[in-house]
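Text of the file data-v2.pdb, holding PDB, C-alpha atoms, pLDDT in the B column:
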```pdb
ATOM      1  CA  MET A 153     -29.204  46.224  13.170  1.00 49.00           C
ATOM      2  CA  ASN A 154     -29.309  42.592  14.299  1.00 54.00           C
ATOM      3  CA  GLY A 155     -26.528  41.714  11.857  1.00 52.00           C
ATOM      4  CA  LYS A 156     -24.238  44.331  13.397  1.00 55.00           C
ATOM      5  CA  LYS A 157     -24.796  42.954  16.920  1.00 54.00           C
ATOM      6  CA  LEU A 158     -24.083  39.416  15.761  1.00 52.00           C
ATOM      7  CA  ARG A 159     -20.831  40.472  14.090  1.00 56.00           C
ATOM      8  CA  SER A 160     -19.581  42.350  17.137  1.00 61.00           C
ATOM      9  CA  LYS A 161     -20.508  39.447  19.405  1.00 70.00           C
ATOM     10  CA  SER A 162     -18.729  37.059  17.083  1.00 88.00           C
ATOM     11  CA  LYS A 163     -15.622  39.262  17.139  1.00 88.00           C
ATOM     12  CA  HIS A 164     -15.833  39.441  20.924  1.00 88.00           C
ATOM     13  CA  ASP A 165     -16.134  35.647  21.118  1.00 91.00           C
ATOM     14  CA  ARG A 166     -13.081  35.225  18.901  1.00 91.00           C
ATOM     15  CA  ILE A 167     -11.043  37.515  21.142  1.00 93.00           C
ATOM     16  CA  ILE A 168     -12.147  35.635  24.273  1.00 94.00           C
ATOM     17  CA  ASN A 169     -11.438  32.270  22.603  1.00 94.00           C
ATOM     18  CA  THR A 170      -7.975  33.462  21.544  1.00 95.00           C
ATOM     19  CA  ILE A 171      -7.177  34.552  25.099  1.00 97.00           C
ATOM     20  CA  ILE A 172      -8.446  31.237  26.473  1.00 97.00           C
ATOM     21  CA  TYR A 173      -6.328  29.262  23.993  1.00 97.00           C
ATOM     22  CA  ILE A 174      -3.211  31.295  24.828  1.00 98.00           C
ATOM     23  CA  VAL A 175      -3.740  30.668  28.549  1.00 98.00           C
ATOM     24  CA  LEU A 176      -4.317  26.935  27.920  1.00 98.00           C
ATOM     25  CA  ILE A 177      -1.182  26.666  25.793  1.00 98.00           C
ATOM     26  CA  LEU A 178       0.902  28.430  28.455  1.00 98.00           C
ATOM     27  CA  MET A 179      -0.528  26.185  31.174  1.00 98.00           C
ATOM     28  CA  SER A 180       0.240  23.105  29.066  1.00 97.00           C
ATOM     29  CA  ILE A 181       3.847  24.188  28.582  1.00 96.00           C
ATOM     30  CA  ILE A 182       4.240  24.864  32.306  1.00 96.00           C
ATOM     31  CA  TRP A 183       2.697  21.502  33.160  1.00 96.00           C
ATOM     32  CA  LEU A 184       4.720  19.508  30.613  1.00 96.00           C
ATOM     33  CA  PHE A 185       8.106  21.170  31.234  1.00 93.00           C
ATOM     34  CA  PRO A 186       9.014  19.145  34.363  1.00 92.00           C
ATOM     35  CA  PHE A 187       7.935  15.872  32.742  1.00 94.00           C
ATOM     36  CA  VAL A 188      10.025  16.533  29.637  1.00 93.00           C
ATOM     37  CA  GLY A 189      12.965  17.449  31.878  1.00 89.00           C
ATOM     38  CA  LEU A 190      12.675  14.173  33.781  1.00 90.00           C
ATOM     39  CA  VAL A 191      12.534  12.139  30.588  1.00 91.00           C
ATOM     40  CA  LEU A 192      15.541  13.953  29.103  1.00 89.00           C
ATOM     41  CA  GLN A 193      17.565  13.558  32.294  1.00 86.00           C
ATOM     42  CA  SER A 194      16.797   9.844  32.380  1.00 87.00           C
ATOM     43  CA  PHE A 195      18.844   9.528  29.176  1.00 87.00           C
ATOM     44  CA  ARG A 196      21.850  11.252  30.768  1.00 85.00           C
ATOM     45  CA  SER A 197      24.909   9.085  31.357  1.00 80.00           C
ATOM     46  CA  TYR A 198      26.087   9.410  34.943  1.00 73.00           C
ATOM     47  CA  ALA A 199      29.355   7.696  34.058  1.00 73.00           C
ATOM     48  CA  THR A 200      30.407  10.507  31.714  1.00 72.00           C
ATOM     49  CA  GLU A 201      28.551  13.488  33.211  1.00 69.00           C
ATOM     50  CA  TYR A 202      29.361  12.982  36.907  1.00 69.00           C
ATOM     51  CA  GLY A 203      25.743  12.861  38.157  1.00 63.00           C
ATOM     52  CA  GLY A 204      24.059  15.406  40.400  1.00 66.00           C
ATOM     53  CA  MET A 205      22.536  18.722  39.425  1.00 69.00           C
ATOM     54  CA  VAL A 206      23.481  20.173  36.056  1.00 72.00           C
ATOM     55  CA  ALA A 207      23.066  23.613  34.512  1.00 74.00           C
ATOM     56  CA  TYR A 208      21.695  22.388  31.182  1.00 77.00           C
ATOM     57  CA  PHE A 209      18.339  20.931  30.144  1.00 79.00           C
ATOM     58  CA  VAL A 210      19.301  18.547  27.329  1.00 83.00           C
ATOM     59  CA  PRO A 211      21.934  15.915  28.153  1.00 82.00           C
ATOM     60  CA  LYS A 212      25.274  16.395  26.425  1.00 81.00           C
ATOM     61  CA  GLU A 213      25.444  12.680  25.629  1.00 82.00           C
ATOM     62  CA  PHE A 214      22.417  10.400  25.398  1.00 86.00           C
ATOM     63  CA  SER A 215      22.711   6.993  27.010  1.00 86.00           C
ATOM     64  CA  LEU A 216      20.510   4.070  28.039  1.00 89.00           C
ATOM     65  CA  ASP A 217      22.713   3.280  31.077  1.00 86.00           C
ATOM     66  CA  ASN A 218      20.000   4.217  33.573  1.00 84.00           C
ATOM     67  CA  TYR A 219      17.446   1.921  31.962  1.00 86.00           C
ATOM     68  CA  THR A 220      19.982  -0.894  31.655  1.00 86.00           C
ATOM     69  CA  TRP A 221      20.756  -0.581  35.367  1.00 83.00           C
ATOM     70  CA  LEU A 222      17.075  -0.392  36.291  1.00 84.00           C
ATOM     71  CA  LEU A 223      16.105  -3.567  34.436  1.00 82.00           C
ATOM     72  CA  THR A 224      19.208  -5.766  34.705  1.00 83.00           C
ATOM     73  CA  ASP A 225      21.427  -4.801  37.655  1.00 77.00           C
ATOM     74  CA  ALA A 226      21.311  -6.972  40.773  1.00 75.00           C
ATOM     75  CA  GLY A 227      21.188  -3.822  42.933  1.00 75.00           C
ATOM     76  CA  SER A 228      17.914  -2.739  41.340  1.00 78.00           C
ATOM     77  CA  SER A 229      14.734  -4.228  42.810  1.00 85.00           C
ATOM     78  CA  PHE A 230      12.543  -2.752  40.076  1.00 84.00           C
ATOM     79  CA  PRO A 231      11.766  -6.014  38.229  1.00 83.00           C
ATOM     80  CA  LYS A 232      10.754  -7.663  41.503  1.00 86.00           C
ATOM     81  CA  TRP A 233       8.571  -4.685  42.508  1.00 88.00           C
ATOM     82  CA  TYR A 234       6.942  -4.606  39.086  1.00 87.00           C
ATOM     83  CA  LEU A 235       6.118  -8.329  39.218  1.00 88.00           C
ATOM     84  CA  LYS A 236       4.596  -7.875  42.684  1.00 90.00           C
ATOM     85  CA  ILE A 237       2.370  -5.065  41.405  1.00 91.00           C
ATOM     86  CA  ILE A 238       1.247  -7.098  38.382  1.00 91.00           C
ATOM     87  CA  SER A 239       0.560 -10.214  40.500  1.00 90.00           C
ATOM     88  CA  ALA A 240      -1.378  -8.138  43.083  1.00 90.00           C
ATOM     89  CA  TYR A 241      -3.500  -6.732  40.281  1.00 89.00           C
ATOM     90  CA  PHE A 242      -4.462 -10.169  38.983  1.00 88.00           C
ATOM     91  CA  VAL A 243      -5.030 -11.616  42.475  1.00 87.00           C
ATOM     92  CA  HIS A 244      -7.355  -8.764  43.530  1.00 82.00           C
ATOM     93  CA  LYS A 245      -9.056  -8.360  40.165  1.00 73.00           C
ATOM     94  CA  ASN A 246     -12.822  -8.951  40.385  1.00 59.00           C
TER      95      ASN A 246
END
```

This entry written out as structure tokens:
Amino acid sequence: MNGKKLRSKSKHDRIINTIIYIVLILMSIIWLFPFVGLVLQSFRSYATEYGGMVAYFVPKEFSLDNYTWLLTDAGSSFPKWYLKIISAYFVHKN
């Protein structure tokens, strides 16, 4: 009799665990979807795809133009901001 209870409890636990894993997987997909979209859109070339909102998820043409502009263009203050953050970290480090 004890063996039958253990088997049914084990089956019940497997069902609950399966449901929990399905919910966790769905939550992970929902949570990761915007991040993946941002990363994919960062590889979009605004010179050839006319910028703004688009109706597709994956860029039609991959490009590193955005990263080139961010790190090298005179209009981008990113390198200066990044150096300020790094220097503030080392100055205030205990």

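Between Leu216 (chain A) and the candidates A:Leu235, A:Val243, A:Ile177, A:Ala199, the tightest atom-to-atom separation, counting only C-alpha atoms, involves A:Ala199.
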
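With CA of Trp183 (chain A) on one side and CA of Val210 (chain A) on the other, the separation reads 17.8 Å.
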
Just the number, please: distance in Å from CA of Phe195 (chain A) to CA of Ser228 (chain A), one decimal. 17.3 Å

Could you tell me how far CA of Pro211 (chain A) sits from CA of Leu192 (chain A), in Å to one decimal place? 6.8 Å

Go ahead and fit an axis-aligned box to every listed atom of region 210-223 of chain A plus 5 Å each side, and pass me the centre and edge lengths in Å, one decimal, as JSON.
```
{"center_x": 20.8, "center_y": 7.5, "center_z": 30.8, "size_x": 19.3, "size_y": 32.1, "size_z": 20.9}
```
